[in-house]
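Listing of start.pdb; format and content: PDB, C-alpha atoms.
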```
ATOM      1  CA  MET A   1       5.078 -12.389  23.563
ATOM      2  CA  SER A   2       2.598  -9.605  23.067
ATOM      3  CA  ASP A   3       3.771  -6.018  22.709
ATOM      4  CA  THR A   4       1.956  -5.017  25.918
ATOM      5  CA  ARG A   5       3.643  -7.751  27.926
ATOM      6  CA  ALA A   6       7.044  -6.898  26.442
ATOM      7  CA  GLU A   7       6.545  -3.229  27.328
ATOM      8  CA  THR A   8       5.546  -4.179  30.885
ATOM      9  CA  ASN A   9       8.652  -6.392  31.247
ATOM     10  CA  PHE A  10      10.783  -3.524  29.954
ATOM     11  CA  GLN A  11       9.270  -1.015  32.385
ATOM     12  CA  ILE A  12       9.631  -3.282  35.408
ATOM     13  CA  LEU A  13      13.211  -4.206  34.594
ATOM     14  CA  HIS A  14      14.178  -0.667  33.641
ATOM     15  CA  ASN A  15      12.768   0.751  36.893
ATOM     16  CA  GLN A  16      14.515  -1.968  38.890
ATOM     17  CA  ILE A  17      17.882  -1.179  37.310
ATOM     18  CA  VAL A  18      17.852   2.546  36.599
ATOM     19  CA  GLY A  19      15.370   3.642  39.239
ATOM     20  CA  ASP A  20      14.956   7.397  39.528
ATOM     21  CA  GLY A  21      17.821   8.118  37.143
ATOM     22  CA  SER A  22      20.116   9.719  39.703
ATOM     23  CA  HIS A  23      22.722   6.977  39.770
ATOM     24  CA  ASP A  24      26.135   6.713  38.223
ATOM     25  CA  ALA A  25      27.076   4.007  35.740
ATOM     26  CA  SER A  26      28.771   1.803  38.330
ATOM     27  CA  ILE A  27      25.588   1.427  40.373
ATOM     28  CA  VAL A  28      23.499   0.810  37.265
ATOM     29  CA  VAL A  29      25.868  -1.890  35.964
ATOM     30  CA  GLY A  30      25.819  -3.580  39.366
ATOM     31  CA  ARG A  31      22.025  -3.558  39.401
ATOM     32  CA  LEU A  32      21.903  -4.852  35.828
ATOM     33  CA  LEU A  33      24.223  -7.760  36.561
ATOM     34  CA  ASN A  34      22.199  -8.526  39.681
ATOM     35  CA  ALA A  35      18.920  -8.447  37.726
ATOM     36  CA  LEU A  36      20.374 -10.784  35.099
ATOM     37  CA  VAL A  37      21.342 -13.137  37.970
ATOM     38  CA  PHE A  38      25.089 -12.988  37.616
ATOM     39  CA  LYS A  39      26.432 -14.571  40.792
ATOM     40  CA  SER A  40      28.253 -12.005  42.908
ATOM     41  CA  LYS A  41      30.416 -14.731  44.456
ATOM     42  CA  LEU A  42      32.076 -15.375  41.074
ATOM     43  CA  VAL A  43      35.132 -13.188  40.559
ATOM     44  CA  GLY A  44      34.245 -12.984  36.861
ATOM     45  CA  THR A  45      31.223 -10.872  37.760
ATOM     46  CA  ALA A  46      33.484  -8.198  39.264
ATOM     47  CA  TYR A  47      35.771  -8.420  36.235
ATOM     48  CA  LEU A  48      32.787  -8.150  33.899
ATOM     49  CA  LYS A  49      31.524  -5.068  35.709
ATOM     50  CA  GLU A  50      34.921  -3.386  35.433
ATOM     51  CA  ALA A  51      35.243  -4.346  31.758
ATOM     52  CA  VAL A  52      31.816  -2.892  30.959
ATOM     53  CA  LEU A  53      32.600   0.326  32.825
ATOM     54  CA  TYR A  54      35.972   0.666  31.087
ATOM     55  CA  ARG A  55      34.352   0.104  27.676
ATOM     56  CA  TYR A  56      31.608   2.595  28.547
ATOM     57  CA  GLU A  57      34.086   5.244  29.718
ATOM     58  CA  GLN A  58      36.154   4.770  26.563
ATOM     59  CA  SER A  59      33.119   5.002  24.287
ATOM     60  CA  ASP A  60      34.818   7.638  22.116
ATOM     61  CA  ASN A  61      37.458   5.104  21.118
ATOM     62  CA  ALA A  62      35.761   2.900  18.505
ATOM     63  CA  ARG A  63      38.914   0.847  17.942
ATOM     64  CA  LEU A  64      39.107  -0.411  21.512
ATOM     65  CA  SER A  65      40.324  -4.017  21.661
ATOM     66  CA  LEU A  66      39.313  -6.443  24.401
ATOM     67  CA  THR A  67      42.653  -8.238  24.460
ATOM     68  CA  LYS A  68      44.878  -5.204  24.050
ATOM     69  CA  ASP A  69      42.935  -2.550  25.969
ATOM     70  CA  VAL A  70      40.036  -3.760  28.125
ATOM     71  CA  TYR A  71      41.431  -6.930  29.727
ATOM     72  CA  PRO A  72      44.802  -5.328  30.581
ATOM     73  CA  ALA A  73      43.052  -2.310  32.144
ATOM     74  CA  VAL A  74      40.843  -4.568  34.279
ATOM     75  CA  ALA A  75      43.774  -6.814  35.213
ATOM     76  CA  ASN A  76      45.859  -3.807  36.219
ATOM     77  CA  LYS A  77      43.057  -2.277  38.283
ATOM     78  CA  LEU A  78      42.206  -5.521  40.082
ATOM     79  CA  ASP A  79      45.790  -6.797  40.378
ATOM     80  CA  THR A  80      45.471  -9.994  38.366
ATOM     81  CA  THR A  81      46.479 -11.320  34.954
ATOM     82  CA  VAL A  82      44.888 -10.717  31.568
ATOM     83  CA  ASN A  83      44.293 -14.460  31.093
ATOM     84  CA  ARG A  84      42.467 -14.743  34.415
ATOM     85  CA  VAL A  85      40.248 -11.793  33.527
ATOM     86  CA  GLU A  86      39.259 -13.245  30.148
ATOM     87  CA  ARG A  87      38.666 -16.752  31.505
ATOM     88  CA  ALA A  88      36.721 -15.613  34.579
ATOM     89  CA  ILE A  89      34.436 -13.372  32.499
ATOM     90  CA  ARG A  90      33.815 -16.190  30.004
ATOM     91  CA  ASN A  91      32.987 -18.661  32.797
ATOM     92  CA  THR A  92      30.688 -16.164  34.494
ATOM     93  CA  ILE A  93      28.793 -15.461  31.270
ATOM     94  CA  ASN A  94      28.416 -19.193  30.617
ATOM     95  CA  ASP A  95      27.148 -19.721  34.170
ATOM     96  CA  CYS A  96      24.598 -16.939  33.781
ATOM     97  CA  HIS A  97      23.548 -18.290  30.383
ATOM     98  CA  VAL A  98      22.777 -21.662  31.963
ATOM     99  CA  ASN A  99      21.537 -20.648  35.435
ATOM    100  CA  GLY A 100      20.662 -16.960  35.264
ATOM    101  CA  ASN A 101      18.268 -14.641  33.509
ATOM    102  CA  LEU A 102      20.522 -13.402  30.723
ATOM    103  CA  TYR A 103      17.602 -13.125  28.299
ATOM    104  CA  ALA A 104      16.069 -10.335  30.356
ATOM    105  CA  PHE A 105      18.678  -8.124  28.697
ATOM    106  CA  ASN A 106      16.680  -8.568  25.481
ATOM    107  CA  ASP A 107      13.750  -6.803  27.188
ATOM    108  CA  LEU A 108      15.985  -3.843  28.042
ATOM    109  CA  MET A 109      17.297  -3.640  24.497
ATOM    110  CA  ARG A 110      13.794  -4.194  23.082
ATOM    111  CA  GLY A 111      15.117  -6.806  20.707
ATOM    112  CA  GLU A 112      16.958 -10.107  20.521
ATOM    113  CA  VAL A 113      20.519  -9.294  21.497
ATOM    114  CA  ILE A 114      21.127 -12.519  23.407
ATOM    115  CA  LYS A 115      20.286 -15.628  21.393
ATOM    116  CA  PRO A 116      19.064 -18.723  23.220
ATOM    117  CA  GLN A 117      21.128 -21.056  21.023
ATOM    118  CA  TYR A 118      24.502 -20.000  22.387
ATOM    119  CA  SER A 119      26.148 -18.131  25.192
ATOM    120  CA  PRO A 120      27.274 -14.663  24.110
ATOM    121  CA  THR A 121      30.980 -14.028  23.797
ATOM    122  CA  ASN A 122      32.724 -11.710  26.229
ATOM    123  CA  GLY A 123      32.970  -9.035  23.543
ATOM    124  CA  GLU A 124      29.315  -9.294  22.540
ATOM    125  CA  LEU A 125      28.054  -8.910  26.091
ATOM    126  CA  ILE A 126      30.504  -6.195  27.138
ATOM    127  CA  SER A 127      29.784  -4.147  24.021
ATOM    128  CA  SER A 128      26.025  -4.631  24.295
ATOM    129  CA  ILE A 129      25.893  -3.517  27.919
ATOM    130  CA  ALA A 130      28.208  -0.553  27.250
ATOM    131  CA  SER A 131      26.009   0.484  24.310
ATOM    132  CA  TRP A 132      22.908   0.217  26.469
ATOM    133  CA  LEU A 133      24.583   2.423  29.104
ATOM    134  CA  GLN A 134      25.373   5.018  26.452
ATOM    135  CA  LEU A 135      21.720   5.053  25.364
ATOM    136  CA  GLU A 136      20.615   5.462  28.963
ATOM    137  CA  ARG A 137      23.063   8.340  29.439
ATOM    138  CA  GLN A 138      21.733  10.070  26.315
ATOM    139  CA  GLN A 139      18.235   9.841  27.788
ATOM    140  CA  ASN A 140      19.533  11.264  31.094
ATOM    141  CA  TYR A 141      18.858   8.113  33.121
ATOM    142  CA  ILE A 142      22.516   7.850  34.140
ATOM    143  CA  LYS A 143      24.779  10.567  35.485
TER     144      LYS A 143
END
```
Take the structure in this file and express it as structure tokens.
Amino acid sequence: MSDTRAETNFQILHNQIVGDGSHDASIVVGRLLNALVFKSKLVGTAYLKEAVLYRYEQSDNARLSLTKDVYPAVANKLDTTVNRVERAIRNTINDCHVNGNLYAFNDLMRGEVIKPQYSPTNGELISSIASWLQLERQQNYIK
């Protein structure tokens, strides 16, 4: 892909997700998951959104663990179990890897974060999206 085309893809996707920059992280994550074609009917999409937001809000804590911190926080907030959260997120990511547009995230990150050979793990995707949100906040695109 040429640099011009990659830049155009980035601009279109970035404008679609971030828009005018007056939105909070929850709206931006919802738009991102929608743009990547995560199915809203899958409960794992809601769990994924909450996990990303929790990881983003706890960005000062570098030692945050998915199994000990993130999944329990999401399970507690959404009144479910830790195992259901982990499994639903994994199934949703796999579904998006097969049927969605997960690789568009590479355009936003301006590099190959998602590899076509395998579906990203829960931790890889949650951390990548949370990191992207932090970059967007630093550039004042997110409140």
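For the atom pair formed by CA of Ile129 in chain A and CA of Leu78 in chain A, the distance is 20.4 Å, given to one decimal.
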Using all atoms listed in the file, pick whichever of A:Thr8, A:Ser59, A:Asn94, A:Gln16 has the shortest atom-to-atom distance to Leu32 in chain A.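 Using all atoms listed in the file, Leu32 in chain A sits closest to A:Gln16.
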Given the PyMOL selection byres ((chain A and resi 71-76) around 10), the residues it picks as number ranges by chain: A: 46-54, 65-70, 77-86, 89
For range 106-123 of chain A, list every protein, DNA or RNA residue within 8 Å, evaluated using all atoms listed in the file, and leave out those in the same chain fewer than 4 positions away; present the list as a ChimeraX atom specification. /A:6,9-10,13-14,66,86,89-90,93-94,97,102,127-128,132
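Residue nearest Phe38 in chain A, chosen from A:Leu125, A:Ile142, A:Cys96, A:Ala104 and counting only C-alpha atoms: A:Cys96.
One distance worth recording is that between CA of Val18 in chain A and CA of Asn99 in chain A, which is 23.5 Å.
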Please return the centre and edge lengths, in Å to one decimal, of a box with edges along x, y and z that contains all listed atoms of range 118-128 of chain A, widened by 8 Å on every side, as JSON.
```
{"center_x": 28.7, "center_y": -12.1, "center_z": 24.8, "size_x": 24.5, "size_y": 31.9, "size_z": 20.8}
```
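Reported to one decimal place, the separation of CA of Gln134 in chain A from CA of Arg55 in chain A is 10.3 Å.
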With all atoms listed in the file as the atoms that count, which of A:Asn34, A:Asn15, A:Ser40, A:Gln139 lies nearest to Asn101 in chain A?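 Going through A:Asn34, A:Asn15, A:Ser40, A:Gln139 one by one, the smallest distance to Asn101 in chain A is for A:Asn34.
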Write out as an NGL selection string the residues lying within 8 Å of Thr92 in chain A, counting only C-alpha atoms and excluding same-chain residues fewer than 5 positions away. :A and (38-39 or 42 or 44-45)
